[in-house]
Amino acid sequence: MGIEDVLRALGTGVWRWDGATDRVELDAVGAGLIGLAPRPQKVHSGVVRACFDASDYVDMSAAVALAVAEGTPSESVLRVVGQGGEIVRTVAMRTYGVRSADGWPKEMVGTLHEVPAAAAVPDGLPGRGAGAAQVAPVERRRAREAFLLDAGRALAEADSTQEVLRVAAHLSMPGFSPDGLAVFGVHGEHLSVIGHHGQRPGAETPFLEMPLATDYPAAVAVRTGQAVYLPSPEAYEERFAATWPLVRGFGRCSWAYLPLVVAGRTIGAWMAAFREPVAFTPDERSVLTTVARMLAQALSRARVHESERELSDGLRHTMLPTRRPHIDGMTVTSRYVPTGGGPQVGGDWYDVIDLPSGRTALVIGDVQGHDLRAAGLMGQLRIALRAYAAEGHRPDAVVSRTSRFLAGLTACARTEDDRFATCLYVEVDPQRGVLEVVRAGHLDPALRLRDGTVLTRRTAGGLPLGIAPDSDYPTTRLTLEPGETLLICTDGLIETGGHDLDTGWKRLRTVLESGPADDLEALADAVVGAVHGPASHHTTGPLADRRQDDIALLLLCRTSEPPVCEVPLRRSVLTVSQTDPREIGAAREEVRALLHDWTCAEQVDAAVLLVSELAANVLLHTDEDAALSAQLRGMPGGRRLRVDVRDRADEMPHLRSPGEMASSGRGLLLVQELSDAWGVDPLGDGKSIWFELYEAPTPV
């Protein structure tokens, strides 16, 4: 007599489920027990599911999934439902599962036999009907679900290994919270503790590192991929006699060691130790298994994030200057803040280069994109630009060569992901305070005057690097007076927080004007804090896109002692070229910024109008550029503004009386009417037209 005959004689049916086809094969006894025709048959799993009470089937599925994960058999009690929905009988099912490499069950076999309706369900087994009294109350199940939701949320938000371990240490499981935890990580052929909680200092020393072959529950869980449950000290001593003497002193009564598995790979083990005895019922094992899965996923994510941060930090440190910049007679400070999402490295960079001439070059740039490709191009650009500068080329030649270098890189790559870069190159003459500025599609620099007034210095510019290999880049010459500070930055400092260029510069101007004048480091911190720190949350811009971008900035202050002046002085100098009449608008903005605290708004409008008129006359009536110089001298309430507009043409202007229909000839009439003083002075190589405005005292 075979085993099938014995089972048939005992009224026990046999079934088999094939994961590949999702079909269940039953013998005659098994088919009859669940309400099908009593003959051997193979049916879809949905047919079998329809034969059982729905809630019983859900509980059975959960128990089977847990058993398959642990590599143990499961037992369930289910009610068989007739065609009219009535309970026909109650059966006990025992299941053995075989899982595939990815952790999912690929095959299951089991037995079925009828149990009396009044029979009790073994403690802890899922089931209803006669055994309903043994099933956990609804409140306990809700508490378990609430705990798992809360634990999942907390672990999902943890972005570092230490944060994951902190969350794990404070998990409060419903009804059986552990008071001792340890997380082990696999490193080659060794197992080591990466975090623990609830142990006496030094008590964990024997378990800090061990070979995977050690006869220790955590090592066994890692080697086999199956949980180890030890409900009592006797069970521990019987199964792991070698390590029991080391564990006895902790004073625990029950232990659970669960493997931490991610994508089919075991990365470690989690130990939960309990001061009170725990029977490790299926419900309790289910909670522990679910927590172990979430913990493994959280640790894996944290390791990926930490690896990305470590890579980003390494790249950033190798691609930025390694020494503190120094220029005789000047103070320099810098900041780089990675704020964008994804890898904490992108295309922003700055550099300070000692030149063969004894001068110093300040460079700031931004490669398109915020990814590793942008970082790689940034590193190559920085090296190339530094090499061209070290050869002694003029600023415009350095930038032109760098543009051709980038264009060659993108052409050789032969990809659709062509990138460009913006750049601002400033060559500093520390003796005279002269700055030669070359701009390739980058933001203009900003200048803070001695009295705190902040101006945006308009400079001539060319295309971004890499767009047109043969582009020319004009040079703009500025003078940094003693006590003045130059700011150059990337667009992240302006646009982070939903700002456009206008609102971003307004926010930045407010911080620069109110920042400390004698501490460049504190000023840099204040500027970054207004954009990246908590204060930035109160100064969001008008744009809906609130993405953050990397921030790079350089501050340069001329610290030489200024000559003694009786009154404060503001000065601005710029050139309006024949080739770009749009610079007249920049001249108007420059003068308006210079007069930002002038007491009479009508005089400010008059000054802006006269500057526009005189500069436009030079471009219209001569073939020369207009050189504009604006100087504000005096104490508030009694200051004097003098504006000079020079050109190299010899023809002198004169007052005229244009008729009503004349289209020109009113420029000097406007100057005469709106200014407090004006004149035309001949020069050796041209002329100068000037006007002055006198500030009226503030009304009391």
# chains A, B, ... in the order shown; residues from 1 in each chain; ligands from 1
>>> closest_atom_pairs(of="segment 215-236 of chain A", to="segment 247-270 of chain A", cutoff="8 Å", atoms="only C-alpha atoms", output="JSON lines")
{"residue": "A:Pro217", "atom": "CA", "partner": "A:Tyr257", "partner_atom": "CA", "distance": 6.3}
{"residue": "A:Ala218", "atom": "CA", "partner": "A:Tyr257", "partner_atom": "CA", "distance": 5.7}
{"residue": "A:Ala219", "atom": "CA", "partner": "A:Ala269", "partner_atom": "CA", "distance": 7.8}
{"residue": "A:Ala221", "atom": "CA", "partner": "A:Pro259", "partner_atom": "CA", "distance": 5.3}
{"residue": "A:Val222", "atom": "CA", "partner": "A:Pro259", "partner_atom": "CA", "distance": 5.5}
{"residue": "A:Gly225", "atom": "CA", "partner": "A:Pro259", "partner_atom": "CA", "distance": 5.7}
{"residue": "A:Gln226", "atom": "CA", "partner": "A:Pro259", "partner_atom": "CA", "distance": 6.4}
{"residue": "A:Ala227", "atom": "CA", "partner": "A:Leu258", "partner_atom": "CA", "distance": 4.4}
{"residue": "A:Val228", "atom": "CA", "partner": "A:Tyr257", "partner_atom": "CA", "distance": 5.1}
{"residue": "A:Tyr229", "atom": "CA", "partner": "A:Ala256", "partner_atom": "CA", "distance": 4.6}
{"residue": "A:Leu230", "atom": "CA", "partner": "A:Trp255", "partner_atom": "CA", "distance": 5.1}
{"residue": "A:Pro231", "atom": "CA", "partner": "A:Ser254", "partner_atom": "CA", "distance": 4.6}
{"residue": "A:Ser232", "atom": "CA", "partner": "A:Ser254", "partner_atom": "CA", "distance": 5.1}
{"residue": "A:Pro233", "atom": "CA", "partner": "A:Cys253", "partner_atom": "CA", "distance": 5.7}
>>> write_last_selection(atoms="all heavy atoms", output="tab-separated table (two decimals), in the first residue's frame")
chain	number	residue	atom	x	y	z
A	217	PRO	N	23.16	32.87	15.27
A	217	PRO	CA	21.88	32.98	14.55
A	217	PRO	C	21.89	33.97	13.40
A	217	PRO	O	21.31	33.70	12.34
A	217	PRO	CB	20.90	33.41	15.65
A	217	PRO	CG	21.51	32.92	16.92
A	217	PRO	CD	22.98	32.98	16.73
A	218	ALA	N	22.51	35.15	13.57
A	218	ALA	CA	22.53	36.13	12.48
A	218	ALA	C	23.28	35.60	11.27
A	218	ALA	O	22.87	35.80	10.12
A	218	ALA	CB	23.17	37.44	12.96
A	219	ALA	N	24.39	34.90	11.51
A	219	ALA	CA	25.16	34.32	10.41
A	219	ALA	C	24.36	33.22	9.71
A	219	ALA	O	24.39	33.11	8.48
A	219	ALA	CB	26.49	33.77	10.91
A	221	ALA	N	21.07	33.08	9.53
A	221	ALA	CA	20.01	33.75	8.77
A	221	ALA	C	20.56	34.29	7.44
A	221	ALA	O	19.89	34.21	6.41
A	221	ALA	CB	19.40	34.87	9.60
A	222	VAL	N	21.77	34.82	7.46
A	222	VAL	CA	22.37	35.34	6.22
A	222	VAL	C	22.71	34.21	5.27
A	222	VAL	O	22.46	34.29	4.06
A	222	VAL	CB	23.62	36.19	6.55
A	222	VAL	CG1	24.38	36.55	5.27
A	222	VAL	CG2	23.21	37.47	7.29
A	225	GLY	N	19.21	32.55	4.25
A	225	GLY	CA	18.15	33.41	3.77
A	225	GLY	C	16.84	33.18	4.49
A	225	GLY	O	15.79	33.64	4.03
A	226	GLN	N	16.85	32.46	5.64
A	226	GLN	CA	15.63	32.15	6.38
A	226	GLN	C	15.76	32.68	7.80
A	226	GLN	O	16.85	32.71	8.39
A	226	GLN	CB	15.37	30.65	6.41
A	226	GLN	CG	15.11	30.06	5.02
A	226	GLN	CD	14.82	28.58	5.08
A	226	GLN	OE1	14.79	27.98	6.15
A	226	GLN	NE2	14.60	27.98	3.92
A	227	ALA	N	14.61	33.09	8.38
A	227	ALA	CA	14.61	33.65	9.73
A	227	ALA	C	14.88	32.56	10.76
A	227	ALA	O	14.55	31.38	10.55
A	227	ALA	CB	13.27	34.32	10.01
A	228	VAL	N	15.47	32.97	11.85
A	228	VAL	CA	15.72	32.08	12.99
A	228	VAL	C	14.95	32.64	14.18
A	228	VAL	O	15.22	33.76	14.63
A	228	VAL	CB	17.23	31.98	13.30
A	228	VAL	CG1	17.45	31.12	14.54
A	228	VAL	CG2	17.99	31.42	12.11
A	229	TYR	N	13.99	31.86	14.71
A	229	TYR	CA	13.20	32.27	15.86
A	229	TYR	C	13.58	31.41	17.05
A	229	TYR	O	13.56	30.17	16.97
A	229	TYR	CB	11.71	32.13	15.57
A	229	TYR	CG	11.23	33.03	14.46
A	229	TYR	CD1	10.94	32.53	13.20
A	229	TYR	CD2	11.08	34.40	14.68
A	229	TYR	CE1	10.51	33.35	12.18
A	229	TYR	CE2	10.63	35.24	13.66
A	229	TYR	CZ	10.36	34.71	12.41
A	229	TYR	OH	9.94	35.52	11.41
A	230	LEU	N	13.91	32.08	18.16
A	230	LEU	CA	14.30	31.38	19.38
A	230	LEU	C	13.40	31.89	20.50
A	230	LEU	O	13.66	32.93	21.11
A	230	LEU	CB	15.77	31.66	19.70
A	230	LEU	CG	16.76	31.26	18.57
A	230	LEU	CD1	18.13	31.82	18.84
A	230	LEU	CD2	16.80	29.74	18.43
A	231	PRO	N	12.30	31.16	20.80
A	231	PRO	CA	11.30	31.68	21.74
A	231	PRO	C	11.70	31.60	23.20
A	231	PRO	O	11.03	32.19	24.04
A	231	PRO	CB	10.08	30.78	21.47
A	231	PRO	CG	10.66	29.52	20.91
A	231	PRO	CD	11.88	29.89	20.16
A	232	SER	N	12.80	30.89	23.53
A	232	SER	CA	13.16	30.74	24.93
A	232	SER	C	14.67	30.58	25.06
A	232	SER	O	15.36	30.21	24.10
A	232	SER	CB	12.47	29.51	25.53
A	232	SER	OG	12.95	28.33	24.91
A	233	PRO	N	15.22	30.86	26.25
A	233	PRO	CA	16.65	30.63	26.46
A	233	PRO	C	17.04	29.17	26.21
A	233	PRO	O	18.13	28.89	25.71
A	233	PRO	CB	16.86	31.04	27.91
A	233	PRO	CG	15.77	32.03	28.19
A	233	PRO	CD	14.60	31.54	27.40
>>> select_by_dssp(residues="segment 417-502 of chain A", states="alpha helix (DSSP H)", output="list in words")
Gly492, Leu493, Ile494, Glu495, Leu501 and Asp502 of chain A
>>> closest_residue(among="A:Val77, A:Ala407, A:Leu501, A:Ala298", to="Ser160 of chain A", atoms="only C-alpha atoms")
A:Ala298
>>> closest_residue(among="A:Gly461, A:Pro636, A:Pro395, A:Gly466", to="Thr410 of chain A", atoms="only C-alpha atoms")
A:Gly466
>>> select_by_dssp(residues="segment 141-380 of chain A", states="strand (DSSP E or B)", output="ChimeraX atom specification")
/A:180-187,190-197,209-211,228-230,254-262,265-274,327,330-337,348-354,360-367
>>> write_last_selection(atoms="C-alpha atoms", output="PDB file, in the first residue's frame")
ATOM      1  CA  GLY A 180      17.243  45.187  22.109  1.00  0.00           C
ATOM      2  CA  LEU A 181      18.066  45.567  18.425  1.00  0.00           C
ATOM      3  CA  ALA A 182      21.099  44.979  16.256  1.00  0.00           C
ATOM      4  CA  VAL A 183      21.633  45.301  12.514  1.00  0.00           C
ATOM      5  CA  PHE A 184      24.382  43.266  10.865  1.00  0.00           C
ATOM      6  CA  GLY A 185      25.899  43.971   7.469  1.00  0.00           C
ATOM      7  CA  VAL A 186      27.621  41.578   5.087  1.00  0.00           C
ATOM      8  CA  HIS A 187      31.139  42.598   4.073  1.00  0.00           C
ATOM      9  CA  HIS A 190      32.349  38.542   7.262  1.00  0.00           C
ATOM     10  CA  LEU A 191      29.352  39.775   9.219  1.00  0.00           C
ATOM     11  CA  SER A 192      29.707  42.951  11.273  1.00  0.00           C
ATOM     12  CA  VAL A 193      27.456  45.104  13.442  1.00  0.00           C
ATOM     13  CA  ILE A 194      26.550  48.392  11.749  1.00  0.00           C
ATOM     14  CA  GLY A 195      24.215  49.564  14.509  1.00  0.00           C
ATOM     15  CA  HIS A 196      22.617  48.435  17.762  1.00  0.00           C
ATOM     16  CA  HIS A 197      20.305  49.675  20.495  1.00  0.00           C
ATOM     17  CA  GLU A 209      32.654  41.153  13.476  1.00  0.00           C
ATOM     18  CA  MET A 210      32.571  37.454  12.723  1.00  0.00           C
ATOM     19  CA  PRO A 211      33.027  35.092   9.772  1.00  0.00           C
ATOM     20  CA  VAL A 228      15.718  32.076  12.988  1.00  0.00           C
ATOM     21  CA  TYR A 229      13.199  32.272  15.860  1.00  0.00           C
ATOM     22  CA  LEU A 230      14.303  31.383  19.382  1.00  0.00           C
ATOM     23  CA  SER A 254      13.299  35.511  23.158  1.00  0.00           C
ATOM     24  CA  TRP A 255      15.155  36.362  19.972  1.00  0.00           C
ATOM     25  CA  ALA A 256      14.321  36.759  16.306  1.00  0.00           C
ATOM     26  CA  TYR A 257      17.020  36.926  13.610  1.00  0.00           C
ATOM     27  CA  LEU A 258      15.715  37.858  10.172  1.00  0.00           C
ATOM     28  CA  PRO A 259      17.659  38.156   6.906  1.00  0.00           C
ATOM     29  CA  LEU A 260      17.687  41.526   5.166  1.00  0.00           C
ATOM     30  CA  VAL A 261      17.050  40.765   1.508  1.00  0.00           C
ATOM     31  CA  VAL A 262      16.967  43.241  -1.385  1.00  0.00           C
ATOM     32  CA  ARG A 265      20.491  39.453  -2.402  1.00  0.00           C
ATOM     33  CA  THR A 266      21.024  39.164   1.346  1.00  0.00           C
ATOM     34  CA  ILE A 267      22.735  42.325   2.598  1.00  0.00           C
ATOM     35  CA  GLY A 268      22.632  41.578   6.317  1.00  0.00           C
ATOM     36  CA  ALA A 269      20.504  40.479   9.239  1.00  0.00           C
ATOM     37  CA  TRP A 270      18.293  42.116  11.856  1.00  0.00           C
ATOM     38  CA  MET A 271      18.119  40.927  15.455  1.00  0.00           C
ATOM     39  CA  ALA A 272      15.157  41.724  17.692  1.00  0.00           C
ATOM     40  CA  ALA A 273      15.595  40.636  21.331  1.00  0.00           C
ATOM     41  CA  PHE A 274      12.739  40.573  23.849  1.00  0.00           C
ATOM     42  CA  ILE A 327      45.553  88.529  -3.663  1.00  0.00           C
ATOM     43  CA  MET A 330      42.579  92.478  -1.596  1.00  0.00           C
ATOM     44  CA  THR A 331      40.372  90.005   0.224  1.00  0.00           C
ATOM     45  CA  VAL A 332      38.785  87.063  -1.591  1.00  0.00           C
ATOM     46  CA  THR A 333      36.232  84.550  -0.361  1.00  0.00           C
ATOM     47  CA  SER A 334      34.175  81.907  -2.104  1.00  0.00           C
ATOM     48  CA  ARG A 335      31.215  79.632  -1.551  1.00  0.00           C
ATOM     49  CA  TYR A 336      29.912  76.536  -3.323  1.00  0.00           C
ATOM     50  CA  VAL A 337      26.565  75.097  -2.204  1.00  0.00           C
ATOM     51  CA  ASP A 348      28.896  75.081 -11.494  1.00  0.00           C
ATOM     52  CA  TRP A 349      32.501  75.936 -10.705  1.00  0.00           C
ATOM     53  CA  TYR A 350      34.824  78.737  -9.698  1.00  0.00           C
ATOM     54  CA  ASP A 351      38.583  79.126  -9.764  1.00  0.00           C
ATOM     55  CA  VAL A 352      41.321  81.534  -8.685  1.00  0.00           C
ATOM     56  CA  ILE A 353      44.402  81.417 -10.954  1.00  0.00           C
ATOM     57  CA  ASP A 354      47.815  83.014 -10.399  1.00  0.00           C
ATOM     58  CA  THR A 360      45.257  86.995 -10.615  1.00  0.00           C
ATOM     59  CA  ALA A 361      42.297  85.642 -12.593  1.00  0.00           C
ATOM     60  CA  LEU A 362      38.898  84.981 -11.025  1.00  0.00           C
ATOM     61  CA  VAL A 363      36.724  82.547 -12.958  1.00  0.00           C
ATOM     62  CA  ILE A 364      33.158  81.437 -12.424  1.00  0.00           C
ATOM     63  CA  GLY A 365      31.089  79.290 -14.766  1.00  0.00           C
ATOM     64  CA  ASP A 366      28.165  76.959 -15.207  1.00  0.00           C
ATOM     65  CA  VAL A 367      27.918  73.967 -17.562  1.00  0.00           C
TER      66      VAL A 367
END
>>> decode(residues="segment 267-299 of chain A", atoms="N, CA, C and O atoms", output="mmCIF file, in the first residue's frame")
data_model
loop_
_atom_site.group_PDB
_atom_site.id
_atom_site.type_symbol
_atom_site.label_atom_id
_atom_site.label_comp_id
_atom_site.auth_asym_id
_atom_site.auth_seq_id
_atom_site.Cartn_x
_atom_site.Cartn_y
_atom_site.Cartn_z
ATOM 1 N N ILE A 267 21.748 41.293 2.266
ATOM 2 C CA ILE A 267 22.735 42.325 2.598
ATOM 3 C C ILE A 267 23.059 42.362 4.084
ATOM 4 O O ILE A 267 23.968 43.086 4.495
ATOM 5 N N GLY A 268 22.352 41.567 4.891
ATOM 6 C CA GLY A 268 22.632 41.578 6.317
ATOM 7 C C GLY A 268 21.558 40.837 7.085
ATOM 8 O O GLY A 268 20.802 40.028 6.523
ATOM 9 N N ALA A 269 21.493 41.128 8.372
ATOM 10 C CA ALA A 269 20.504 40.479 9.239
ATOM 11 C C ALA A 269 20.077 41.473 10.311
ATOM 12 O O ALA A 269 20.815 42.407 10.657
ATOM 13 N N TRP A 270 18.857 41.260 10.815
ATOM 14 C CA TRP A 270 18.293 42.116 11.856
ATOM 15 C C TRP A 270 17.948 41.254 13.050
ATOM 16 O O TRP A 270 17.271 40.233 12.918
ATOM 17 N N MET A 271 18.438 41.640 14.224
ATOM 18 C CA MET A 271 18.119 40.927 15.455
ATOM 19 C C MET A 271 17.158 41.757 16.291
ATOM 20 O O MET A 271 17.376 42.951 16.507
ATOM 21 N N ALA A 272 16.085 41.116 16.746
ATOM 22 C CA ALA A 272 15.157 41.724 17.692
ATOM 23 C C ALA A 272 15.142 40.841 18.932
ATOM 24 O O ALA A 272 14.813 39.649 18.850
ATOM 25 N N ALA A 273 15.530 41.396 20.077
ATOM 26 C CA ALA A 273 15.595 40.636 21.331
ATOM 27 C C ALA A 273 14.524 41.152 22.283
ATOM 28 O O ALA A 273 14.278 42.364 22.359
ATOM 29 N N PHE A 274 13.894 40.235 23.026
ATOM 30 C CA PHE A 274 12.739 40.573 23.849
ATOM 31 C C PHE A 274 13.018 40.213 25.308
ATOM 32 O O PHE A 274 13.546 39.133 25.612
ATOM 33 N N ARG A 275 12.633 41.144 26.196
ATOM 34 C CA ARG A 275 12.803 40.898 27.626
ATOM 35 C C ARG A 275 11.765 39.902 28.134
ATOM 36 O O ARG A 275 12.052 39.097 29.037
ATOM 37 N N GLU A 276 10.554 39.932 27.526
ATOM 38 C CA GLU A 276 9.495 39.001 27.907
ATOM 39 C C GLU A 276 9.416 37.870 26.874
ATOM 40 O O GLU A 276 9.758 38.070 25.706
ATOM 41 N N PRO A 277 8.931 36.693 27.271
ATOM 42 C CA PRO A 277 8.835 35.576 26.317
ATOM 43 C C PRO A 277 7.872 35.896 25.173
ATOM 44 O O PRO A 277 6.819 36.495 25.381
ATOM 45 N N VAL A 278 8.249 35.508 23.973
ATOM 46 C CA VAL A 278 7.427 35.683 22.778
ATOM 47 C C VAL A 278 7.320 34.336 22.087
ATOM 48 O O VAL A 278 8.328 33.654 21.866
ATOM 49 N N ALA A 279 6.080 33.942 21.741
ATOM 50 C CA ALA A 279 5.871 32.623 21.128
ATOM 51 C C ALA A 279 6.130 32.638 19.632
ATOM 52 O O ALA A 279 6.232 31.580 19.010
ATOM 53 N N PHE A 280 6.213 33.830 19.038
ATOM 54 C CA PHE A 280 6.411 33.981 17.593
ATOM 55 C C PHE A 280 5.309 33.248 16.821
ATOM 56 O O PHE A 280 5.544 32.323 16.050
ATOM 57 N N THR A 281 4.081 33.681 17.072
ATOM 58 C CA THR A 281 2.934 33.165 16.334
ATOM 59 C C THR A 281 3.026 33.645 14.881
ATOM 60 O O THR A 281 3.818 34.535 14.558
ATOM 61 N N PRO A 282 2.223 33.078 13.995
ATOM 62 C CA PRO A 282 2.259 33.547 12.604
ATOM 63 C C PRO A 282 2.025 35.051 12.468
ATOM 64 O O PRO A 282 2.655 35.708 11.642
ATOM 65 N N ASP A 283 1.113 35.611 13.266
ATOM 66 C CA ASP A 283 0.893 37.055 13.204
ATOM 67 C C ASP A 283 2.149 37.820 13.598
ATOM 68 O O ASP A 283 2.529 38.810 12.955
ATOM 69 N N GLU A 284 2.803 37.382 14.651
ATOM 70 C CA GLU A 284 4.015 38.064 15.098
ATOM 71 C C GLU A 284 5.147 37.895 14.087
ATOM 72 O O GLU A 284 5.902 38.840 13.815
ATOM 73 N N ARG A 285 5.275 36.699 13.546
ATOM 74 C CA ARG A 285 6.315 36.487 12.526
ATOM 75 C C ARG A 285 6.024 37.319 11.279
ATOM 76 O O ARG A 285 6.940 37.830 10.626
ATOM 77 N N SER A 286 4.737 37.467 10.945
ATOM 78 C CA SER A 286 4.380 38.274 9.785
ATOM 79 C C SER A 286 4.801 39.727 9.975
ATOM 80 O O SER A 286 5.336 40.367 9.065
ATOM 81 N N VAL A 287 4.558 40.287 11.169
ATOM 82 C CA VAL A 287 4.973 41.660 11.448
ATOM 83 C C VAL A 287 6.489 41.790 11.359
ATOM 84 O O VAL A 287 7.026 42.716 10.731
ATOM 85 N N LEU A 288 7.209 40.867 11.986
ATOM 86 C CA LEU A 288 8.669 40.928 11.972
ATOM 87 C C LEU A 288 9.214 40.808 10.548
ATOM 88 O O LEU A 288 10.150 41.519 10.166
ATOM 89 N N THR A 289 8.639 39.910 9.769
ATOM 90 C CA THR A 289 9.102 39.733 8.389
ATOM 91 C C THR A 289 8.865 40.987 7.561
ATOM 92 O O THR A 289 9.721 41.416 6.774
ATOM 93 N N THR A 290 7.686 41.611 7.738
ATOM 94 C CA THR A 290 7.387 42.830 6.997
ATOM 95 C C THR A 290 8.342 43.950 7.383
ATOM 96 O O THR A 290 8.850 44.686 6.522
ATOM 97 N N VAL A 291 8.607 44.100 8.681
ATOM 98 C CA VAL A 291 9.541 45.133 9.127
ATOM 99 C C VAL A 291 10.934 44.869 8.566
ATOM 100 O O VAL A 291 11.639 45.791 8.145
ATOM 101 N N ALA A 292 11.352 43.596 8.550
ATOM 102 C CA ALA A 292 12.674 43.271 8.013
ATOM 103 C C ALA A 292 12.777 43.640 6.538
ATOM 104 O O ALA A 292 13.816 44.141 6.078
ATOM 105 N N ARG A 293 11.723 43.413 5.775
ATOM 106 C CA ARG A 293 11.745 43.785 4.361
ATOM 107 C C ARG A 293 11.858 45.297 4.195
ATOM 108 O O ARG A 293 12.643 45.786 3.373
ATOM 109 N N MET A 294 11.061 46.053 4.969
ATOM 110 C CA MET A 294 11.135 47.511 4.881
ATOM 111 C C MET A 294 12.494 48.021 5.339
ATOM 112 O O MET A 294 13.057 48.959 4.760
ATOM 113 N N LEU A 295 13.033 47.407 6.386
ATOM 114 C CA LEU A 295 14.339 47.813 6.892
ATOM 115 C C LEU A 295 15.428 47.554 5.858
ATOM 116 O O LEU A 295 16.328 48.382 5.656
ATOM 117 N N ALA A 296 15.351 46.426 5.169
ATOM 118 C CA ALA A 296 16.339 46.111 4.135
ATOM 119 C C ALA A 296 16.269 47.122 2.995
ATOM 120 O O ALA A 296 17.302 47.610 2.506
ATOM 121 N N GLN A 297 15.056 47.460 2.559
ATOM 122 C CA GLN A 297 14.912 48.439 1.493
ATOM 123 C C GLN A 297 15.447 49.805 1.926
ATOM 124 O O GLN A 297 16.127 50.497 1.149
ATOM 125 N N ALA A 298 15.145 50.200 3.163
ATOM 126 C CA ALA A 298 15.607 51.498 3.650
ATOM 127 C C ALA A 298 17.130 51.540 3.745
ATOM 128 O O ALA A 298 17.758 52.538 3.380
ATOM 129 N N LEU A 299 17.737 50.477 4.251
ATOM 130 C CA LEU A 299 19.201 50.435 4.330
ATOM 131 C C LEU A 299 19.827 50.463 2.948
ATOM 132 O O LEU A 299 20.855 51.124 2.731
#
